[in-house]
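Chemist: Here you go, start29.csv (CSV, C-alpha atoms):
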```csv
chain,number,residue,atom,x,y,z
A,80,MET,CA,124.3,115.3,156.3
A,81,PRO,CA,122.3,118.5,156.2
A,82,ASN,CA,119.2,118.9,154.1
A,83,VAL,CA,119.7,121.3,151.3
A,84,LEU,CA,116.8,123.5,150.3
A,85,GLN,CA,114.5,121.8,147.9
A,86,PRO,CA,112.9,123.0,144.6
A,87,GLY,CA,110.0,125.4,145.0
A,88,THR,CA,111.7,127.3,147.8
A,89,ALA,CA,112.3,131.0,147.4
A,90,ALA,CA,116.1,131.7,147.6
A,91,PRO,CA,116.8,132.9,151.2
A,92,ASP,CA,118.2,136.3,151.7
A,93,PHE,CA,121.9,137.0,151.9
A,94,LYS,CA,124.4,139.8,151.5
A,95,LEU,CA,127.9,138.9,150.6
A,96,VAL,CA,130.9,140.5,148.9
A,97,ASP,CA,132.6,139.0,145.8
A,98,GLN,CA,136.3,138.9,145.1
A,99,SER,CA,136.4,142.5,144.2
A,100,GLY,CA,134.5,143.7,147.2
A,101,GLN,CA,131.2,144.3,145.4
A,102,THR,CA,128.1,143.3,147.4
A,103,VAL,CA,125.7,140.8,146.0
A,104,THR,CA,122.1,140.2,147.3
A,105,PRO,CA,119.2,138.1,145.9
A,106,ALA,CA,117.8,141.3,144.3
A,107,ASP,CA,120.9,141.2,142.0
A,108,LEU,CA,120.0,137.8,140.8
A,109,THR,CA,116.4,138.3,139.6
A,110,GLY,CA,115.6,138.6,136.0
A,111,ARG,CA,117.9,135.8,134.9
A,112,ALA,CA,118.6,132.2,135.9
A,113,THR,CA,121.3,131.8,138.5
A,114,VAL,CA,123.6,129.0,139.5
A,115,LEU,CA,124.8,129.0,143.1
A,116,ALA,CA,127.7,126.6,143.5
A,117,PHE,CA,128.8,126.0,147.1
A,118,TYR,CA,132.2,124.3,147.4
A,119,PRO,CA,134.4,123.5,150.4
A,120,ALA,CA,137.4,125.7,149.8
A,121,ASP,CA,139.6,127.6,147.4
A,122,TRP,CA,142.8,126.0,146.3
A,123,SER,CA,141.8,122.4,145.7
A,124,PRO,CA,143.9,120.5,143.1
A,125,VAL,CA,143.9,122.2,139.7
A,126,CYS,CA,142.6,120.0,137.0
A,127,GLY,CA,139.8,118.3,139.0
A,128,ASP,CA,138.6,121.6,140.4
A,129,GLN,CA,134.9,122.3,140.2
A,130,MET,CA,135.4,126.1,139.7
A,131,ALA,CA,137.9,125.5,136.9
A,132,LEU,CA,135.3,123.3,135.2
A,133,TYR,CA,132.6,125.9,135.5
A,134,ASN,CA,135.0,128.5,134.1
A,135,GLU,CA,135.4,126.3,131.0
A,136,VAL,CA,131.6,125.7,130.7
A,137,LEU,CA,130.8,129.4,131.4
A,138,PRO,CA,130.0,130.3,127.8
A,139,VAL,CA,127.4,127.5,127.7
A,140,PHE,CA,125.8,128.6,131.0
A,141,ARG,CA,125.6,132.1,129.5
A,142,ASP,CA,123.9,130.7,126.4
A,143,TYR,CA,121.2,129.7,128.8
A,144,GLY,CA,121.1,133.3,130.1
A,145,ALA,CA,122.4,132.1,133.4
A,146,GLU,CA,125.0,133.6,135.8
A,147,VAL,CA,127.2,131.5,138.0
A,148,PHE,CA,128.4,132.3,141.5
A,149,GLY,CA,130.9,130.2,143.5
A,150,ILE,CA,130.5,130.3,147.3
A,151,SER,CA,132.8,129.2,150.1
A,152,VAL,CA,133.7,130.5,153.6
A,153,ASP,CA,137.0,131.9,152.2
A,154,SER,CA,137.5,135.7,152.5
A,155,MET,CA,137.3,138.1,149.6
A,156,TRP,CA,141.1,138.3,149.6
A,157,CYS,CA,141.5,134.6,149.4
A,158,HIS,CA,138.8,134.5,146.6
A,159,ALA,CA,140.6,137.3,144.8
A,160,ALA,CA,143.9,135.4,144.8
A,161,PHE,CA,142.2,132.2,143.8
A,162,ALA,CA,140.2,133.7,141.0
A,163,GLU,CA,143.3,135.5,139.6
A,164,ASN,CA,145.4,132.3,139.8
A,165,ARG,CA,142.8,130.2,138.1
A,166,LYS,CA,141.7,132.9,135.7
A,167,LEU,CA,138.1,132.6,136.8
A,168,ARG,CA,135.7,134.8,134.9
A,169,PHE,CA,132.8,134.7,137.3
A,170,ARG,CA,132.2,135.9,140.8
A,171,LEU,CA,133.1,134.1,144.0
A,172,LEU,CA,131.1,135.1,147.1
A,173,ALA,CA,132.8,135.2,150.5
A,174,ASP,CA,130.5,133.6,153.1
A,175,PHE,CA,133.1,134.7,155.6
A,176,GLU,CA,131.4,136.9,158.3
A,177,PRO,CA,129.4,135.7,160.1
A,178,LYS,CA,131.0,132.5,158.9
A,179,GLY,CA,128.8,130.3,156.7
A,180,ALA,CA,125.7,132.3,157.3
A,181,MET,CA,124.4,132.0,153.8
A,182,ALA,CA,125.4,128.3,153.6
A,183,ARG,CA,123.4,127.6,156.7
A,184,ARG,CA,120.3,129.2,155.2
A,185,TYR,CA,120.6,127.0,152.2
A,186,GLY,CA,121.3,123.9,154.3
A,187,ALA,CA,124.8,123.7,152.9
A,188,TYR,CA,127.0,124.1,155.9
A,189,ARG,CA,129.2,121.4,157.4
A,190,ASP,CA,129.4,122.0,161.1
A,191,ALA,CA,132.0,119.3,161.7
A,192,ASP,CA,134.5,120.9,159.2
A,193,GLY,CA,133.5,124.5,159.3
A,194,THR,CA,133.2,124.6,155.5
A,195,THR,CA,130.4,124.7,153.0
A,196,GLU,CA,129.2,121.6,151.4
A,197,ARG,CA,129.6,120.8,147.8
A,198,ALA,CA,126.0,121.8,146.9
A,199,LEU,CA,124.4,123.2,143.8
A,200,PHE,CA,121.3,125.4,143.5
A,201,VAL,CA,119.7,126.6,140.2
A,202,LEU,CA,117.3,129.5,140.6
A,203,ASP,CA,114.8,130.7,138.0
A,204,PRO,CA,114.6,134.4,137.1
A,205,LYS,CA,112.1,135.0,139.9
A,206,GLY,CA,114.6,133.7,142.5
A,207,ILE,CA,112.8,130.4,143.1
A,208,ILE,CA,115.0,127.3,143.6
A,209,ARG,CA,114.2,125.0,140.7
A,210,TRP,CA,116.9,122.4,141.3
A,211,SER,CA,119.3,121.5,144.1
A,212,TYR,CA,121.9,118.9,144.7
A,213,LEU,CA,124.1,117.9,147.5
A,214,SER,CA,127.2,116.1,146.2
A,215,PRO,CA,129.5,113.8,148.2
A,216,ILE,CA,132.1,116.2,149.5
A,217,ASP,CA,134.9,114.5,147.6
A,218,VAL,CA,133.1,114.2,144.3
A,219,ASN,CA,133.0,117.2,141.9
A,220,PRO,CA,129.4,117.0,140.6
A,221,GLY,CA,130.3,118.3,137.1
A,222,ALA,CA,128.0,120.5,135.1
A,223,ASP,CA,125.4,118.1,133.6
A,224,GLY,CA,122.8,118.5,136.3
A,225,ILE,CA,123.0,122.3,136.1
A,226,LEU,CA,122.5,122.2,132.3
A,227,GLU,CA,119.5,119.9,132.7
A,228,ALA,CA,118.0,122.3,135.2
A,229,LEU,CA,118.7,125.4,133.0
A,230,GLU,CA,117.1,123.6,130.1
A,231,ALA,CA,114.0,122.9,132.2
A,232,ILE,CA,113.8,126.6,133.2
A,233,GLY,CA,114.1,127.5,129.5
A,234,THR,CA,115.8,130.9,129.4
A,235,GLY,CA,118.4,132.3,127.1
A,236,ASP,CA,119.2,131.6,123.5
A,237,LYS,CA,119.2,127.8,124.0
A,238,SER,CA,115.6,127.6,125.1
B,122,MET,CA,120.9,110.3,146.1
B,123,THR,CA,124.0,110.8,144.2
B,124,ARG,CA,124.2,111.6,140.5
B,125,ASP,CA,126.1,108.9,138.7
B,126,GLY,CA,127.9,110.3,135.7
B,127,LYS,CA,126.7,108.4,132.6
B,128,LEU,CA,128.1,108.6,129.1
B,129,THR,CA,125.5,110.3,127.1
B,130,ILE,CA,127.0,109.7,123.7
B,131,PRO,CA,127.8,106.0,123.2
B,132,VAL,CA,131.0,105.0,121.6
B,133,GLY,CA,130.5,105.1,117.9
B,134,PRO,CA,132.2,104.9,114.5
B,135,ASN,CA,133.5,108.5,114.8
B,136,ASP,CA,135.4,107.7,118.0
B,137,HIS,CA,139.2,107.0,118.2
B,138,VAL,CA,139.3,103.4,119.4
B,139,GLN,CA,142.0,100.9,120.3
B,140,GLY,CA,141.0,97.3,120.9
B,141,PRO,CA,138.2,95.1,119.6
B,142,GLU,CA,134.7,96.5,119.0
B,143,HIS,CA,133.1,93.7,121.0
B,144,ALA,CA,135.5,93.8,124.0
B,145,PRO,CA,133.6,93.2,127.2
B,146,ILE,CA,135.2,96.3,128.8
B,147,THR,CA,135.1,99.8,127.3
B,148,LEU,CA,137.2,102.5,128.9
B,149,VAL,CA,136.6,106.0,127.7
B,150,GLU,CA,138.9,108.8,128.7
B,151,TYR,CA,138.1,112.5,128.4
B,152,GLY,CA,141.5,114.2,128.4
B,153,ASP,CA,143.6,117.2,127.7
B,154,TYR,CA,147.1,116.9,126.2
B,155,GLU,CA,148.4,119.7,128.3
B,156,CYS,CA,147.0,118.6,131.6
B,157,PRO,CA,149.6,117.1,133.9
B,158,TYR,CA,147.2,114.6,135.5
B,159,CYS,CA,146.4,113.3,132.0
B,160,GLY,CA,150.1,113.0,131.5
B,161,MET,CA,150.3,110.9,134.6
B,162,ALA,CA,147.4,108.8,133.5
B,163,TYR,CA,148.9,108.2,130.0
B,164,PRO,CA,151.4,105.4,131.0
B,165,ILE,CA,148.9,103.9,133.4
B,166,VAL,CA,146.4,103.5,130.6
B,167,LYS,CA,149.1,101.9,128.5
B,168,ARG,CA,149.8,99.4,131.2
B,169,ILE,CA,146.1,98.8,131.8
B,170,GLN,CA,145.7,98.1,128.0
B,171,ALA,CA,148.6,95.6,128.1
B,172,ARG,CA,147.2,94.0,131.2
B,173,PHE,CA,143.7,93.5,129.7
B,174,GLY,CA,144.7,92.8,126.1
B,175,ASP,CA,141.7,92.0,123.9
B,176,ARG,CA,139.2,92.3,126.8
B,177,LEU,CA,139.6,96.1,126.7
B,178,ARG,CA,138.5,98.7,124.2
B,179,PHE,CA,140.0,102.2,124.9
B,180,VAL,CA,138.5,105.4,123.5
B,181,PHE,CA,140.0,108.9,123.8
B,182,ARG,CA,137.8,112.0,123.6
B,183,ASN,CA,138.9,115.6,123.9
B,184,PHE,CA,138.3,117.8,126.9
B,185,PRO,CA,140.7,120.7,126.7
B,186,LEU,CA,140.7,123.0,129.7
B,187,ALA,CA,141.5,126.0,127.5
B,188,GLU,CA,141.4,128.6,130.3
B,189,LEU,CA,144.1,126.7,132.3
B,190,HIS,CA,146.1,125.3,129.4
B,191,PRO,CA,146.8,127.7,126.6
B,192,ASN,CA,148.0,125.1,124.1
B,193,ALA,CA,145.5,122.4,124.9
B,194,THR,CA,142.9,123.2,122.2
B,195,ALA,CA,145.4,123.6,119.4
B,196,ALA,CA,147.0,120.3,120.4
B,197,ALA,CA,143.6,118.6,120.4
B,198,GLU,CA,142.8,120.0,116.9
B,199,PHE,CA,146.2,118.9,115.7
B,200,ALA,CA,145.6,115.3,116.8
B,201,GLU,CA,142.2,115.4,115.1
B,202,GLY,CA,143.9,116.8,112.0
B,203,ALA,CA,146.4,113.9,112.1
B,204,ALA,CA,143.5,111.5,112.5
B,205,LEU,CA,142.3,112.6,109.0
B,206,GLN,CA,145.6,111.1,107.8
B,207,GLY,CA,145.1,108.0,109.8
B,208,LYS,CA,147.6,108.9,112.5
B,209,PHE,CA,145.5,109.9,115.5
B,210,TRP,CA,147.1,107.5,118.0
B,211,GLU,CA,150.6,108.2,116.9
B,212,MET,CA,150.0,111.9,117.5
B,213,HIS,CA,148.0,111.3,120.7
B,214,ASP,CA,151.0,109.4,122.1
B,215,THR,CA,153.5,112.0,120.9
B,216,LEU,CA,151.6,114.8,122.5
B,217,PHE,CA,151.3,113.1,125.8
B,218,GLU,CA,155.0,112.2,125.7
B,219,HIS,CA,155.9,115.8,125.1
B,220,GLN,CA,153.1,117.6,126.9
B,221,ARG,CA,155.4,120.5,128.0
B,222,ALA,CA,156.3,121.2,124.4
B,223,LEU,CA,153.0,121.9,122.6
B,224,ASN,CA,153.6,125.3,121.0
B,225,PRO,CA,152.9,125.7,117.3
B,226,SER,CA,156.5,125.1,116.2
B,227,ASN,CA,156.6,121.9,118.5
B,228,LEU,CA,153.5,120.7,116.7
B,229,GLN,CA,155.1,121.2,113.3
B,230,THR,CA,158.0,119.1,114.4
B,231,TYR,CA,155.7,116.3,115.4
B,232,ALA,CA,153.9,116.5,112.1
B,233,ARG,CA,157.3,116.1,110.3
B,234,SER,CA,158.4,113.2,112.5
B,235,HIS,CA,155.1,111.4,111.7
B,236,ASP,CA,155.5,112.1,108.0
B,237,LEU,CA,152.2,113.9,107.8
B,238,ASP,CA,151.2,116.0,104.8
B,239,ARG,CA,151.5,119.3,106.6
B,240,THR,CA,149.7,121.4,103.9
B,241,ALA,CA,146.7,119.1,104.1
B,242,LEU,CA,146.9,119.2,107.9
B,243,GLU,CA,146.9,123.0,107.9
B,244,THR,CA,144.1,123.1,105.4
B,245,ALA,CA,142.0,120.7,107.5
B,246,ILE,CA,142.6,122.7,110.7
B,247,GLN,CA,141.7,126.0,108.9
B,248,SER,CA,138.5,124.4,107.7
B,249,GLY,CA,137.3,124.2,111.3
B,250,GLY,CA,136.4,120.5,111.2
B,251,PRO,CA,138.9,119.5,113.9
B,252,ASN,CA,137.7,122.4,116.0
B,253,GLU,CA,134.1,121.4,115.7
B,254,ARG,CA,135.1,117.8,116.6
B,255,VAL,CA,136.9,119.0,119.8
B,256,ARG,CA,134.0,121.2,120.8
B,257,LYS,CA,131.5,118.3,120.3
B,258,ASP,CA,133.7,116.0,122.4
B,259,PHE,CA,133.9,118.7,125.1
B,260,MET,CA,130.1,119.2,125.2
B,261,SER,CA,129.5,115.4,125.2
B,262,GLY,CA,131.8,115.3,128.2
B,263,VAL,CA,130.0,118.1,130.0
B,264,ARG,CA,126.6,116.4,129.4
B,265,SER,CA,128.0,113.1,130.7
B,266,GLY,CA,129.3,114.6,134.0
B,267,VAL,CA,133.0,115.0,133.2
B,268,ASN,CA,134.3,116.8,136.2
B,269,GLY,CA,137.9,117.4,135.5
B,270,THR,CA,140.7,115.8,133.5
B,271,PRO,CA,141.2,113.0,133.1
B,272,THR,CA,137.7,111.6,133.6
B,273,PHE,CA,137.2,107.9,132.9
B,274,PHE,CA,134.0,106.0,132.1
B,275,ILE,CA,134.0,102.3,132.4
B,276,ASN,CA,131.2,100.7,130.3
B,277,GLY,CA,129.4,104.0,130.3
B,278,HIS,CA,129.7,104.8,134.0
B,279,ARG,CA,132.0,107.5,135.4
B,280,PHE,CA,134.8,106.1,137.5
B,281,ASP,CA,135.0,108.2,140.6
B,282,GLY,CA,137.8,106.3,142.2
B,283,ASP,CA,141.5,107.1,142.1
B,284,TRP,CA,143.0,105.9,138.8
B,285,ARG,CA,146.5,106.6,140.1
B,286,ASP,CA,146.0,103.5,142.2
B,287,GLU,CA,146.6,101.2,139.2
B,288,ASP,CA,145.5,98.0,140.9
B,289,ALA,CA,142.3,99.5,142.2
B,290,PHE,CA,141.7,100.9,138.7
B,291,ALA,CA,142.3,97.5,137.1
B,292,ALA,CA,140.0,95.9,139.7
B,293,ALA,CA,137.2,98.3,138.8
B,294,LEU,CA,137.7,97.5,135.1
B,295,ALA,CA,137.8,93.7,135.8
B,296,GLU,CA,134.6,93.9,137.9
B,297,LYS,CA,132.7,95.5,134.9
B,298,GLY,CA,134.2,93.0,132.5
B,299,ALA,CA,133.4,89.9,134.6
B,300,PRO,CA,131.2,87.5,132.7
```
Would you put the structure from the file into structure tokens?
Modeler:
Amino acid sequence: MPNVLQPGTAAPDFKLVDQSGQTVTPADLTGRATVLAFYPADWSPVCGDQMALYNEVLPVFRDYGAEVFGISVDSMWCHAAFAENRKLRFRLLADFEPKGAMARRYGAYRDADGTTERALFVLDPKGIIRWSYLSPIDVNPGADGILEALEAIGTGDKS
Amino acid sequence: MTRDGKLTIPVGPNDHVQGPEHAPITLVEYGDYECPYCGMAYPIVKRIQARFGDRLRFVFRNFPLAELHPNATAAAEFAEGAALQGKFWEMHDTLFEHQRALNPSNLQTYARSHDLDRTALETAIQSGGPNERVRKDFMSGVRSGVNGTPTFFINGHRFDGDWRDEDAFAAALAEKGAP
């Protein structure tokens, strides 16, 4: 098991495209809380899917002033099809080339499988990791830990 | 260290409950009437209830995945409206038994077949009470680590095993209910 980056660490640099081809870097994340949700792959079974859950909880995350990004090694085209099929209303980042580069920097890459881990990071508005969690690969970690972390950061209408 | 999903809102007087209050095992389901996996779980839960009898208390809470299932929220509100006329479980069962037919006119048909006062039901739903109830259930689920539908909690702890394996599910329940 890799060691995911721990609270107190500044979010490492990255430059990835989302499902519509727009570039995202850490500079785009500052000024508000951010949830980075690494997951193994697009197209896992529907109702138990982690991204589907975050899509449902999205209004609550936004009440905390937070933006959510899903990240896997799938390409932007795969993300685009997945996001459209599941009606996702947040951005998915393609950690595709060089494969898993961002995940490696966050300690969230699975060398044996060539996929990202199921790992969560909550960043404060200054881009500092305030909470991180590595989930067993087959267990969707839910949203409760994220909400607790956002509460602790205390941004948005709910603070 | 793994996070163990724990029920944040204990089972209380507002819950929809089947089985004795002091049963040694409490099974809570967060479910969605339009979710096919919940539909698969429905007969399994029935058989589990028959198997455990008075040793099991079963509780259903709403967790509609509205983005995926367009009729799920309205169906959940409808069941909560039926609950105000004392017919929650009748409607719960009907909805799961007809989960591919949950449009507004289907729901009216089910209201008629259960002899519900449809005017009162409509008024209740318009009042927003059932909607608030469904939202509260949903948020209590989110805060408890519900990670999809259905999610089960056995005596307050999220069950991360495979409920489709009925014997394994029963074994997990029996273990919690052991004296």
Chemist: Smallest atom-to-atom distance to chain B: which of A:Lys166, A:Arg111, A:Lys178, A:His158, using only C-alpha atoms?
Modeler: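 Answer, going by the shortest atom-to-atom distance: A:Lys166.
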Chemist: Once you count only C-alpha atoms, which residues of chain A turn out to be within 7 Å of chain B? Could you give them as a list in words?
Modeler: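 Matching residues, ligands excluded from the count: Cys126, Gly127, Asp128, Gln129, Leu132, Glu135, Arg165, Lys166, Ser214, Asn219, Pro220, Gly221, Ala222 and Asp223 of chain A.
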Chemist: Residues near stretch 145-151 of chain B, anyone? I mean within 6 Å using all atoms listed in the file, not counting same-chain ones fewer than 6 positions away, as a list in words.
Modeler: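 My reading of the contact set: Arg176, Leu177, Arg178, Phe179, Val180, Phe181, Arg182, Asn183, Phe184, Pro271, Thr272, Phe273, Phe274, Ile275, Asn276 and Gly298 of chain B.
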Chemist: Could those residues be written to a file, using C-alpha atoms, as an mmCIF file, in the frame of the given file?
Modeler:
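Wrote it out as again_7.cif, contents follow:
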```cif
data_model
loop_
_atom_site.group_PDB
_atom_site.id
_atom_site.type_symbol
_atom_site.label_atom_id
_atom_site.label_comp_id
_atom_site.auth_asym_id
_atom_site.auth_seq_id
_atom_site.Cartn_x
_atom_site.Cartn_y
_atom_site.Cartn_z
ATOM 1 C CA ARG B 176 139.200 92.300 126.800
ATOM 2 C CA LEU B 177 139.600 96.100 126.700
ATOM 3 C CA ARG B 178 138.500 98.700 124.200
ATOM 4 C CA PHE B 179 140.000 102.200 124.900
ATOM 5 C CA VAL B 180 138.500 105.400 123.500
ATOM 6 C CA PHE B 181 140.000 108.900 123.800
ATOM 7 C CA ARG B 182 137.800 112.000 123.600
ATOM 8 C CA ASN B 183 138.900 115.600 123.900
ATOM 9 C CA PHE B 184 138.300 117.800 126.900
ATOM 10 C CA PRO B 271 141.200 113.000 133.100
ATOM 11 C CA THR B 272 137.700 111.600 133.600
ATOM 12 C CA PHE B 273 137.200 107.900 132.900
ATOM 13 C CA PHE B 274 134.000 106.000 132.100
ATOM 14 C CA ILE B 275 134.000 102.300 132.400
ATOM 15 C CA ASN B 276 131.200 100.700 130.300
ATOM 16 C CA GLY B 298 134.200 93.000 132.500
#
```
Chemist: To one decimal in Å, tell me the separation between atom CA of A:Val83 and atom CA of A:Tyr143.
Modeler: 24.1 Å
Chemist: Within 6 Å of (120.4, 129.5, 140.4) (coordinates as in the file), grab all the protein and nucleic acid residues, counting all atoms listed in the file, and write them out as an mmCIF file with C-alpha atoms, in the frame of the given file.
Modeler:
```cif
data_model
loop_
_atom_site.group_PDB
_atom_site.id
_atom_site.type_symbol
_atom_site.label_atom_id
_atom_site.label_comp_id
_atom_site.auth_asym_id
_atom_site.auth_seq_id
_atom_site.Cartn_x
_atom_site.Cartn_y
_atom_site.Cartn_z
ATOM 1 C CA ALA A 112 118.600 132.200 135.900
ATOM 2 C CA THR A 113 121.300 131.800 138.500
ATOM 3 C CA VAL A 114 123.600 129.000 139.500
ATOM 4 C CA LEU A 115 124.800 129.000 143.100
ATOM 5 C CA PHE A 200 121.300 125.400 143.500
ATOM 6 C CA VAL A 201 119.700 126.600 140.200
ATOM 7 C CA LEU A 202 117.300 129.500 140.600
#
```
Chemist: In the coordinate frame of the file, compute which residues have an atom within 10 Å of (133.8, 143.8, 145.8) when using only C-alpha atoms, and state them as a list in words.
Modeler: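 Output of the proximity query reads Leu95, Val96, Asp97, Gln98, Ser99, Gly100, Gln101, Thr102, Val103, Met155, Trp156, Ala159, Arg170, Leu171, Leu172 and Ala173 of chain A.
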Chemist: When you look at stretch 183-192 of chain A with a cut-off of 8 Å (counting all atoms listed in the file), what residues show up, excluding the ones that are within fewer than 2 positions of it in the same chain? I need them as a ChimeraX atom specification.
Modeler: /A:80-84,90-91,117,179-181,194-198,213
Chemist: So how many Å separate atom CA of B:Glu218 and atom CA of A:Leu167, to one decimal?
Modeler: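 So the answer is 28.7 Å.
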Chemist: For a quick check of understanding, using only C-alpha atoms, which of A:Ala116, A:Ala145, A:Leu226, A:Ile232 has the smallest distance to A:Ile207?
Modeler: A:Ile232
Chemist: In Å, rounded to a single decimal, give me how far atom CA of B:Glu201 is from atom CA of B:Thr244.
Modeler: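 Between atom CA of B:Thr244 and atom CA of B:Glu201 the gap works out to 12.5 Å.
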Chemist: Between B:Gly152, B:Gly202, B:Gly207, B:Pro131, which has the minimum distance to B:His278 (counting all atoms listed in the file)?
Modeler: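 Between B:Gly152, B:Gly202, B:Gly207, B:Pro131, the residue approaching B:His278 most closely is B:Pro131.
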Chemist: Could you check the closest approach to B:Asp214 for each of B:Ala193, B:Ala232, B:Ile130, B:Ala200 and tell me which residue wins, using all atoms listed in the file?
Modeler: B:Ala200
Chemist: Atoms are missing here; could stretch 104-123 of chain A be completed with N, CA and C atoms and written as a PDB file, in the frame of the given file?
Modeler:
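Everything below was put into result21.pdb:
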```
ATOM      1  N   THR A 104     123.294 140.613 146.528  1.00  0.00           N
ATOM      2  CA  THR A 104     122.100 140.200 147.300  1.00  0.00           C
ATOM      3  C   THR A 104     121.176 139.467 146.299  1.00  0.00           C
ATOM      4  N   PRO A 105     120.153 138.774 146.809  1.00  0.00           N
ATOM      5  CA  PRO A 105     119.200 138.100 145.900  1.00  0.00           C
ATOM      6  C   PRO A 105     118.600 139.038 144.871  1.00  0.00           C
ATOM      7  N   ALA A 106     118.437 140.315 145.245  1.00  0.00           N
ATOM      8  CA  ALA A 106     117.800 141.300 144.300  1.00  0.00           C
ATOM      9  C   ALA A 106     118.694 141.384 143.035  1.00  0.00           C
ATOM     10  N   ASP A 107     119.998 141.167 143.184  1.00  0.00           N
ATOM     11  CA  ASP A 107     120.900 141.200 142.000  1.00  0.00           C
ATOM     12  C   ASP A 107     120.721 140.051 141.082  1.00  0.00           C
ATOM     13  N   LEU A 108     120.049 139.018 141.571  1.00  0.00           N
ATOM     14  CA  LEU A 108     120.000 137.800 140.800  1.00  0.00           C
ATOM     15  C   LEU A 108     118.683 137.680 139.985  1.00  0.00           C
ATOM     16  N   THR A 109     117.690 138.487 140.324  1.00  0.00           N
ATOM     17  CA  THR A 109     116.400 138.300 139.600  1.00  0.00           C
ATOM     18  C   THR A 109     116.512 138.807 138.204  1.00  0.00           C
ATOM     19  N   GLY A 110     115.639 138.227 137.367  1.00  0.00           N
ATOM     20  CA  GLY A 110     115.600 138.600 136.000  1.00  0.00           C
ATOM     21  C   GLY A 110     116.388 137.663 135.071  1.00  0.00           C
ATOM     22  N   ARG A 111     117.161 136.776 135.692  1.00  0.00           N
ATOM     23  CA  ARG A 111     117.900 135.800 134.900  1.00  0.00           C
ATOM     24  C   ARG A 111     118.076 134.534 135.778  1.00  0.00           C
ATOM     25  N   ALA A 112     118.337 133.428 135.123  1.00  0.00           N
ATOM     26  CA  ALA A 112     118.600 132.200 135.900  1.00  0.00           C
ATOM     27  C   ALA A 112     119.973 132.343 136.581  1.00  0.00           C
ATOM     28  N   THR A 113     120.087 131.714 137.739  1.00  0.00           N
ATOM     29  CA  THR A 113     121.300 131.800 138.500  1.00  0.00           C
ATOM     30  C   THR A 113     121.747 130.432 139.006  1.00  0.00           C
ATOM     31  N   VAL A 114     123.031 130.193 138.954  1.00  0.00           N
ATOM     32  CA  VAL A 114     123.600 129.000 139.500  1.00  0.00           C
ATOM     33  C   VAL A 114     124.387 129.367 140.764  1.00  0.00           C
ATOM     34  N   LEU A 115     124.015 128.799 141.904  1.00  0.00           N
ATOM     35  CA  LEU A 115     124.800 129.000 143.100  1.00  0.00           C
ATOM     36  C   LEU A 115     125.527 127.710 143.419  1.00  0.00           C
ATOM     37  N   ALA A 116     126.848 127.787 143.371  1.00  0.00           N
ATOM     38  CA  ALA A 116     127.700 126.600 143.500  1.00  0.00           C
ATOM     39  C   ALA A 116     128.497 126.715 144.822  1.00  0.00           C
ATOM     40  N   PHE A 117     128.039 126.042 145.881  1.00  0.00           N
ATOM     41  CA  PHE A 117     128.800 126.000 147.100  1.00  0.00           C
ATOM     42  C   PHE A 117     129.903 124.946 146.975  1.00  0.00           C
ATOM     43  N   TYR A 118     131.111 125.276 147.427  1.00  0.00           N
ATOM     44  CA  TYR A 118     132.200 124.300 147.400  1.00  0.00           C
ATOM     45  C   TYR A 118     133.044 124.483 148.636  1.00  0.00           C
ATOM     46  N   PRO A 119     133.765 123.447 149.050  1.00  0.00           N
ATOM     47  CA  PRO A 119     134.400 123.500 150.400  1.00  0.00           C
ATOM     48  C   PRO A 119     135.437 124.538 150.589  1.00  0.00           C
ATOM     49  N   ALA A 120     136.286 124.757 149.598  1.00  0.00           N
ATOM     50  CA  ALA A 120     137.400 125.700 149.800  1.00  0.00           C
ATOM     51  C   ALA A 120     138.083 126.054 148.528  1.00  0.00           C
ATOM     52  N   ASP A 121     138.667 127.258 148.499  1.00  0.00           N
ATOM     53  CA  ASP A 121     139.600 127.600 147.400  1.00  0.00           C
ATOM     54  C   ASP A 121     140.778 126.697 147.423  1.00  0.00           C
ATOM     55  N   TRP A 122     141.498 126.654 146.343  1.00  0.00           N
ATOM     56  CA  TRP A 122     142.800 126.000 146.300  1.00  0.00           C
ATOM     57  C   TRP A 122     142.774 124.474 146.350  1.00  0.00           C
ATOM     58  N   SER A 123     141.727 123.859 145.846  1.00  0.00           N
ATOM     59  CA  SER A 123     141.800 122.400 145.700  1.00  0.00           C
ATOM     60  C   SER A 123     142.583 122.081 144.440  1.00  0.00           C
TER      61      SER A 123
END
```
